[in-house]
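Step one of this worksheet: look at the structure below.
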Amino acid sequence: MKLPTVALVGRPNVGKSTIFNRLVGRRVSIIEDIPGITRDRIYGQASYLDYRFNVIDTGGIDISKDLFNDEIKVQTEIAIAEADLVIFIVDGKEGLTINDYAVKDMLKKAHKKVIVAINKVDNKQAEANKYDFYELGFTNYVFVSGEHNIGIGKLCDMIISHFSKQDYNDYDETIIKFCVVGRPNVGKSSLINALLNEQRVIVSDQAGTTRDAVDVMFTYQKNRFVAIDTAGIRKRNKIWERIEKYSVLRAMKAIDRSDICLVVIDASVGIMDQDKHIAGYIKEAGKGIIIVVNKWDLATQTKKDFQTQIRNQFPFVAYAPMVFLSAITKKELHTLMPEIIKVGDNIKREIKTSLINDVITDAFMLNAPPSYKGRRLKIYFVHQSGIKPPKFTLNVNDKKLVHFSYHRYLENKIRENFNFVGTPIILQFKNKRDE
């Protein structure tokens, strides 16, 4: 599913972060842990009625000559370029300022759909000012108070009114979609180009299969695939160089649209913190994952040592297979597509109810959970309740008795018995009396 993206823009201190928090709730993006990010939260996902959409928070636009303000302006331009819809937030108490007009000019040039959210409209002074904002020249306005949660529902109604069902339609479900993610210069585009140049790969000339210059549909061994390149923003000057990390916004959008994510690591540089942040978001998003060590021809250590490092640095995705190759020399390139096919099968693998019940029953008999305050967990019945990723619902006497260590034990037992390499699996515990 392709999720629409909404960007929140405006000058400093108009309440963008407060409205961001209202829209996305408590979900905190992995981006906040990357050194150098200037905002506590910059990327999240909102749900409203039957719709979901990505939300980007941005720094406040200030036209003063401070270099830091130039960086924020560029960051905002990136967010606007990524967005399907922009929420222009203004301060209803203070009225229009020169910085508001600067933001207006940016949005007019971008030719994006815009909703003007007049924030802090919660007193008589704000009520007196609110009609002044119509001179900005946009069509859609809404009066809100992020702090007091006033008008947020109406804002959400206006947001989803701009989305059609086509916004949520992506490729046919039979097509495996994989994205190539990683830090700048690890060889993401080179890897896709190398795959497409393989003799067994046929590039489709179907109109519309390349969107935003990042999606490529192709056929491999009679199966159709979509490769999503997330190379993103290139360095243009000193400001762009410092905010290269914001290409991760595109990577996150690609992750949400993909079935499988290839985390590309540069063998000549080694594992970096941002590699782990990206892998963490992939797990949170419930996507298949393959760790691809590129530039293996430049490696200075053995494959065994590198594999050990990966397992130590990525314990939260211990189920991820590893591929070592070189996109430039094409050494071991042939091992990648078969691995993508395997993981593609695993993320939609379905297990018979009788088999999963046998595995869980045997695991329970082999290692019963410890009692808690005189009570012990009982598991009555298990069934698979979803795919992409595989989800299993366990009917129990009291889900509060499930300790995280026993949760992990049951997951490991499922993995021992069934092939779920490359995919997360979700265990959902449900009280039998709640049925």
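Every chain in the structure tokens has a letter given in the order shown (A, B, ...), and although residue numbers restart at 1 in each chain, ligands are simply numbered from 1 in the order shown.
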Quick one: everything within 8 Å of A:Ile89, counting only C-alpha atoms, minus sequence neighbours fewer than 3 positions away in the same chain. Send it as a PyMOL selection string.
chain A and resi 8-11+14-16+116-119
Run DSSP on the backbone of this structure and report the residues of stretch 67-163 of chain A it assigns to alpha helix (DSSP H), as a count of residues only.
45
Can you tell me how far atom CA of A:Phe364 sits from atom CA of A:Phe381, in Å to one decimal?
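Separation between atom CA of A:Phe364 and atom CA of A:Phe381: 11.9 Å.
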Within 7 Å of stretch 400-413 of chain A using only C-alpha atoms, minus same-chain residues under 3 positions, as a PyMOL selection string
chain A and resi 363+369+372+376-377+416-417
Excluding A:Lys112 and its own-chain neighbours fewer than 6 positions away, which residues fall within 8 Å of it when counting only C-alpha atoms? Please give them as a PyMOL selection string.
chain A and resi 80+84-86
Just C-alpha atoms for this one: save the residues we selected as an mmCIF file, in the first residue's frame.
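Written output follows (again-v7.cif):
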data_model
loop_
_atom_site.group_PDB
_atom_site.id
_atom_site.type_symbol
_atom_site.label_atom_id
_atom_site.label_comp_id
_atom_site.auth_asym_id
_atom_site.auth_seq_id
_atom_site.Cartn_x
_atom_site.Cartn_y
_atom_site.Cartn_z
ATOM 1 C CA ILE A 80 7.239 19.835 0.628
ATOM 2 C CA ASP A 84 1.089 14.950 -1.382
ATOM 3 C CA LEU A 85 -0.545 17.570 0.842
ATOM 4 C CA VAL A 86 0.881 20.461 2.910
#
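If you count only C-alpha atoms and ignore residues fewer than 6 places along the chain from A:Gly286, what sits within 8 Å of it is Lys388, Pro389, Thr423 and Pro424 of chain A.
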For a test of reading the model, state the distance in Å between atom CA of A:Lys108 and atom CA of A:Leu96, rounded to one decimal.
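Separating atom CA of A:Lys108 from atom CA of A:Leu96 is a distance of 16.6 Å.
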Quick one: residues within 9 Å of stretch 315-321 of chain A, only C-alpha atoms counted, chain neighbours fewer than 5 positions away excluded, as a list of chain:residue names?
A:Ala279, A:Gly280, A:Lys283, A:Gly288, A:Ile289, A:Ile290, A:Ile291, A:Val292, A:Ile310, A:Glu339, A:Val343, A:Arg415, A:Phe420, A:Val421, A:Gly422, A:Thr423, A:Pro424
Same residues, N, CA, C and O atoms, saved as a PDB file, in the first residue's frame:
ATOM      1  N   ALA A 279      17.386  -0.528   9.929  1.00  0.00           N
ATOM      2  CA  ALA A 279      16.908  -1.897  10.153  1.00  0.00           C
ATOM      3  C   ALA A 279      15.828  -1.934  11.232  1.00  0.00           C
ATOM      4  O   ALA A 279      14.870  -2.706  11.138  1.00  0.00           O
ATOM      5  N   GLY A 280      15.970  -1.080  12.244  1.00  0.00           N
ATOM      6  CA  GLY A 280      14.968  -1.020  13.293  1.00  0.00           C
ATOM      7  C   GLY A 280      13.625  -0.549  12.774  1.00  0.00           C
ATOM      8  O   GLY A 280      12.577  -1.075  13.165  1.00  0.00           O
ATOM      9  N   LYS A 283      11.933  -3.399  10.863  1.00  0.00           N
ATOM     10  CA  LYS A 283      11.272  -4.367  11.753  1.00  0.00           C
ATOM     11  C   LYS A 283       9.972  -3.800  12.275  1.00  0.00           C
ATOM     12  O   LYS A 283       8.936  -4.483  12.300  1.00  0.00           O
ATOM     13  N   GLY A 288       9.794  -7.683   5.331  1.00  0.00           N
ATOM     14  CA  GLY A 288      10.882  -8.629   5.156  1.00  0.00           C
ATOM     15  C   GLY A 288      12.197  -7.890   5.045  1.00  0.00           C
ATOM     16  O   GLY A 288      12.253  -6.739   4.599  1.00  0.00           O
ATOM     17  N   ILE A 289      13.296  -8.538   5.432  1.00  0.00           N
ATOM     18  CA  ILE A 289      14.584  -7.856   5.447  1.00  0.00           C
ATOM     19  C   ILE A 289      15.704  -8.789   4.997  1.00  0.00           C
ATOM     20  O   ILE A 289      15.734  -9.971   5.359  1.00  0.00           O
ATOM     21  N   ILE A 290      16.591  -8.250   4.187  1.00  0.00           N
ATOM     22  CA  ILE A 290      17.817  -8.933   3.778  1.00  0.00           C
ATOM     23  C   ILE A 290      18.961  -7.945   3.979  1.00  0.00           C
ATOM     24  O   ILE A 290      18.864  -6.791   3.563  1.00  0.00           O
ATOM     25  N   ILE A 291      20.019  -8.378   4.634  1.00  0.00           N
ATOM     26  CA  ILE A 291      21.195  -7.530   4.814  1.00  0.00           C
ATOM     27  C   ILE A 291      22.173  -7.826   3.675  1.00  0.00           C
ATOM     28  O   ILE A 291      22.639  -8.958   3.524  1.00  0.00           O
ATOM     29  N   VAL A 292      22.445  -6.804   2.866  1.00  0.00           N
ATOM     30  CA  VAL A 292      23.319  -6.946   1.702  1.00  0.00           C
ATOM     31  C   VAL A 292      24.630  -6.213   1.976  1.00  0.00           C
ATOM     32  O   VAL A 292      24.641  -4.994   2.155  1.00  0.00           O
ATOM     33  N   ILE A 310      27.677  -8.614  12.151  1.00  0.00           N
ATOM     34  CA  ILE A 310      26.280  -8.316  11.826  1.00  0.00           C
ATOM     35  C   ILE A 310      25.350  -8.903  12.875  1.00  0.00           C
ATOM     36  O   ILE A 310      24.421  -8.241  13.355  1.00  0.00           O
ATOM     37  N   GLU A 339      17.481 -15.081  -3.056  1.00  0.00           N
ATOM     38  CA  GLU A 339      17.202 -14.780  -1.650  1.00  0.00           C
ATOM     39  C   GLU A 339      15.952 -13.912  -1.523  1.00  0.00           C
ATOM     40  O   GLU A 339      15.138 -14.094  -0.614  1.00  0.00           O
ATOM     41  N   VAL A 343      12.542 -14.936   0.643  1.00  0.00           N
ATOM     42  CA  VAL A 343      11.930 -14.084   1.661  1.00  0.00           C
ATOM     43  C   VAL A 343      10.522 -13.685   1.228  1.00  0.00           C
ATOM     44  O   VAL A 343       9.606 -13.601   2.046  1.00  0.00           O
ATOM     45  N   ARG A 415       9.911 -20.463  14.770  1.00  0.00           N
ATOM     46  CA  ARG A 415      10.952 -20.340  13.750  1.00  0.00           C
ATOM     47  C   ARG A 415      11.727 -21.641  13.578  1.00  0.00           C
ATOM     48  O   ARG A 415      12.180 -21.955  12.473  1.00  0.00           O
ATOM     49  N   PHE A 420      10.671 -19.120   8.393  1.00  0.00           N
ATOM     50  CA  PHE A 420      10.338 -17.701   8.413  1.00  0.00           C
ATOM     51  C   PHE A 420      11.593 -16.838   8.340  1.00  0.00           C
ATOM     52  O   PHE A 420      11.634 -15.723   8.881  1.00  0.00           O
ATOM     53  N   VAL A 421      12.603 -17.346   7.649  1.00  0.00           N
ATOM     54  CA  VAL A 421      13.828 -16.572   7.458  1.00  0.00           C
ATOM     55  C   VAL A 421      13.496 -15.294   6.682  1.00  0.00           C
ATOM     56  O   VAL A 421      12.783 -15.319   5.676  1.00  0.00           O
ATOM     57  N   GLY A 422      13.990 -14.190   7.184  1.00  0.00           N
ATOM     58  CA  GLY A 422      13.833 -12.924   6.478  1.00  0.00           C
ATOM     59  C   GLY A 422      12.585 -12.139   6.821  1.00  0.00           C
ATOM     60  O   GLY A 422      12.416 -11.019   6.349  1.00  0.00           O
ATOM     61  N   THR A 423      11.699 -12.703   7.652  1.00  0.00           N
ATOM     62  CA  THR A 423      10.461 -11.989   7.967  1.00  0.00           C
ATOM     63  C   THR A 423      10.236 -11.935   9.472  1.00  0.00           C
ATOM     64  O   THR A 423      10.494 -12.913  10.189  1.00  0.00           O
ATOM     65  N   PRO A 424       9.737 -10.798   9.973  1.00  0.00           N
ATOM     66  CA  PRO A 424       9.286 -10.793  11.361  1.00  0.00           C
ATOM     67  C   PRO A 424       8.019 -11.619  11.471  1.00  0.00           C
ATOM     68  O   PRO A 424       7.320 -11.827  10.477  1.00  0.00           O
TER      69      PRO A 424
END
Sel. of strand (DSSP E or B) residues, stretch 200-420 of chain A, as an NGL selection string
:A and (201-203 or 215-220 or 223-229 or 260-266 or 288-294 or 322-324 or 372 or 375 or 379-386 or 391-396)
Can you pull out the residues contacting stretch 178-189 of chain A? Cut-off 6 Å, using only C-alpha atoms, and skip same-chain residues under 5 positions away; I want them as a ChimeraX atom specification.
/A:227-230,258-264,266
